[in-house]
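Beneath this line is the structure, given in structure tokens, with notes to follow.
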Amino acid sequence: MRLHGTLTKWNDERGFGFITPAKNAFDVFVHISAFPREGGRPRLNELISFEIEAGPDGKQRAVRVMRPAQRTTARPTAGRDQRRQQGERLSGVLAVLAVVAIGAYGYSRLTKKIVSADDAGSHAPVQMAAPSSGSLCDGRTMCSQMTSCAEAEYFIRNCPDTKMDGDGDGRPCESQWCK
């Protein structure tokens with residue numbers, strides 16, 4: 001039920017005040033969010049129309065405040081609000097899925113290029129960072145202990161006593177990794 005009253009107290013810094021209804025003796029709390037966005041800041045002794053609802057704390061408060069000569073705008077029904085929220089959630093989920101799909105596609109393309117470069121015999125030097133725990137030379141000396149051509153090349157360049165270059169041409173593991 002819509003009531004009419006006068007804004008009798010207002011704290012502009014804190015954004016709330018009290019309305020004295022025309023027919024009741026009790027003042028009703030009102031928050032700035034209950035006022036329409038258009039029309040400027042609330043003014044003392046302003047005549048307003050409002051509805052009363054229980055707030056989160058259970059106390060009564062003024063909601064859906066209207067000013068005289070203000071055009072009313074149709075408020076969406078609860079069903080429309082719920083459908084809009086569901087649509088927004090669905091949009092968010094679809095956006096996340098799109099980002100994941102693009103990332104997966106990019107990752108697959110990157111790994112395919114790395115594998116094809118390894119298969120094509122690309123022997124560009126690969127810089128491997130030594131782990132923070134010290135040297136990467138961990139005692140592996142044979143081709144069967146390596147996992148890639150780049151790793152074998154690193155070991156033959158940087159680690160002593162490797163047995164990976166059988167023909168002495170400087171290229172390790174030619175029959176396994178570095179074809």
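Residue names in the structure tokens use chain letters A, B, ... in the order shown, residue numbers from 1 in each chain, and ligand numbers from 1 in the order shown.
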- Item | Which of chain A fall in helix (DSSP H, G or I), as a VMD selection string | chain A and resid 32 to 34 78 to 119 143 to 145 149 to 158
How would the residues just picked look written out with C-alpha atoms as a short mmCIF file (atom, residue, chain, number, x, y, z; two decimals), in the first residue's frame?
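Full text of result02.cif as output:
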data_model
loop_
_atom_site.label_atom_id
_atom_site.label_comp_id
_atom_site.auth_asym_id
_atom_site.auth_seq_id
_atom_site.Cartn_x
_atom_site.Cartn_y
_atom_site.Cartn_z
CA ILE A 32 19.03 6.96 -0.31
CA SER A 33 18.71 3.76 -2.37
CA ALA A 34 14.89 3.92 -2.03
CA ALA A 78 10.12 -11.00 -10.10
CA GLY A 79 9.98 -13.54 -12.94
CA ARG A 80 11.69 -11.14 -15.33
CA ASP A 81 14.39 -10.36 -12.75
CA GLN A 82 14.98 -14.07 -12.21
CA ARG A 83 15.19 -14.78 -15.97
CA ARG A 84 17.60 -11.86 -16.40
CA GLN A 85 19.82 -13.19 -13.60
CA GLN A 86 19.78 -16.68 -15.11
CA GLY A 87 20.71 -15.18 -18.49
CA GLU A 88 23.59 -13.28 -16.90
CA ARG A 89 24.86 -16.46 -15.21
CA LEU A 90 24.62 -18.38 -18.48
CA SER A 91 26.52 -15.60 -20.26
CA GLY A 92 29.26 -15.78 -17.62
CA VAL A 93 29.56 -19.56 -17.93
CA LEU A 94 29.69 -19.35 -21.72
CA ALA A 95 32.38 -16.66 -21.54
CA VAL A 96 34.52 -18.84 -19.26
CA LEU A 97 34.05 -21.85 -21.55
CA ALA A 98 35.06 -19.75 -24.56
CA VAL A 99 38.26 -18.61 -22.84
CA VAL A 100 39.09 -22.22 -21.86
CA ALA A 101 38.43 -23.45 -25.41
CA ILE A 102 40.63 -20.73 -26.93
CA GLY A 103 43.38 -21.53 -24.43
CA ALA A 104 43.18 -25.27 -25.16
CA TYR A 105 43.30 -24.64 -28.91
CA GLY A 106 46.31 -22.34 -28.54
CA TYR A 107 48.09 -24.85 -26.31
CA SER A 108 47.47 -27.69 -28.78
CA ARG A 109 48.81 -25.57 -31.64
CA LEU A 110 51.91 -24.65 -29.63
CA THR A 111 52.68 -28.23 -28.64
CA LYS A 112 52.10 -29.42 -32.22
CA LYS A 113 54.66 -26.86 -33.47
CA ILE A 114 57.19 -27.94 -30.86
CA VAL A 115 56.76 -31.63 -31.72
CA SER A 116 56.92 -31.00 -35.48
CA ALA A 117 60.06 -28.88 -35.06
CA ASP A 118 61.64 -31.74 -33.10
CA ASP A 119 60.63 -34.27 -35.77
CA CYS A 143 71.09 -41.67 -24.30
CA SER A 144 68.59 -44.09 -22.78
CA GLN A 145 68.42 -41.82 -19.73
CA CYS A 149 67.43 -34.16 -28.06
CA ALA A 150 67.64 -30.77 -26.30
CA GLU A 151 68.28 -32.49 -22.99
CA ALA A 152 71.00 -34.71 -24.52
CA GLU A 153 72.67 -31.68 -26.12
CA TYR A 154 72.61 -29.84 -22.78
CA PHE A 155 74.20 -32.80 -20.97
CA ILE A 156 76.95 -33.31 -23.57
CA ARG A 157 77.84 -29.59 -23.47
CA ASN A 158 77.70 -29.06 -19.71
#
If we count only C-alpha atoms, what is near range 44-59 of chain A at a cut-off of 8 Å, once residues fewer than 3 positions away on the same chain are taken out, given as a PDB file with C-alpha atoms, in the first residue's frame?
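Wrote it out as selection13.pdb, contents follow:
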ATOM      1  CA  MET A   1       0.000   0.000   0.000  1.00  0.00           C
ATOM      2  CA  ARG A   2       1.374   3.383  -1.010  1.00  0.00           C
ATOM      3  CA  LEU A   3       1.584   6.043   1.702  1.00  0.00           C
ATOM      4  CA  HIS A   4       2.293   9.772   1.571  1.00  0.00           C
ATOM      5  CA  GLY A   5       4.451  11.796   3.904  1.00  0.00           C
ATOM      6  CA  THR A   6       7.094  14.462   4.429  1.00  0.00           C
ATOM      7  CA  LEU A   7      10.842  13.978   4.648  1.00  0.00           C
ATOM      8  CA  THR A   8      11.421  15.475   8.119  1.00  0.00           C
ATOM      9  CA  LYS A   9      15.009  14.385   8.848  1.00  0.00           C
ATOM     10  CA  TRP A  10      17.859  13.782   6.408  1.00  0.00           C
ATOM     11  CA  ALA A  62      10.387   3.102   3.231  1.00  0.00           C
ATOM     12  CA  VAL A  63      10.952   1.643  -0.246  1.00  0.00           C
ATOM     13  CA  ARG A  64      10.097   2.663  -3.814  1.00  0.00           C
ATOM     14  CA  VAL A  65       9.951   6.361  -2.984  1.00  0.00           C
ATOM     15  CA  MET A  66       8.286   8.622  -5.559  1.00  0.00           C
ATOM     16  CA  ARG A  67       8.198  12.398  -5.786  1.00  0.00           C
ATOM     17  CA  PRO A  68       5.145  14.455  -6.851  1.00  0.00           C
TER      18      PRO A  68
END
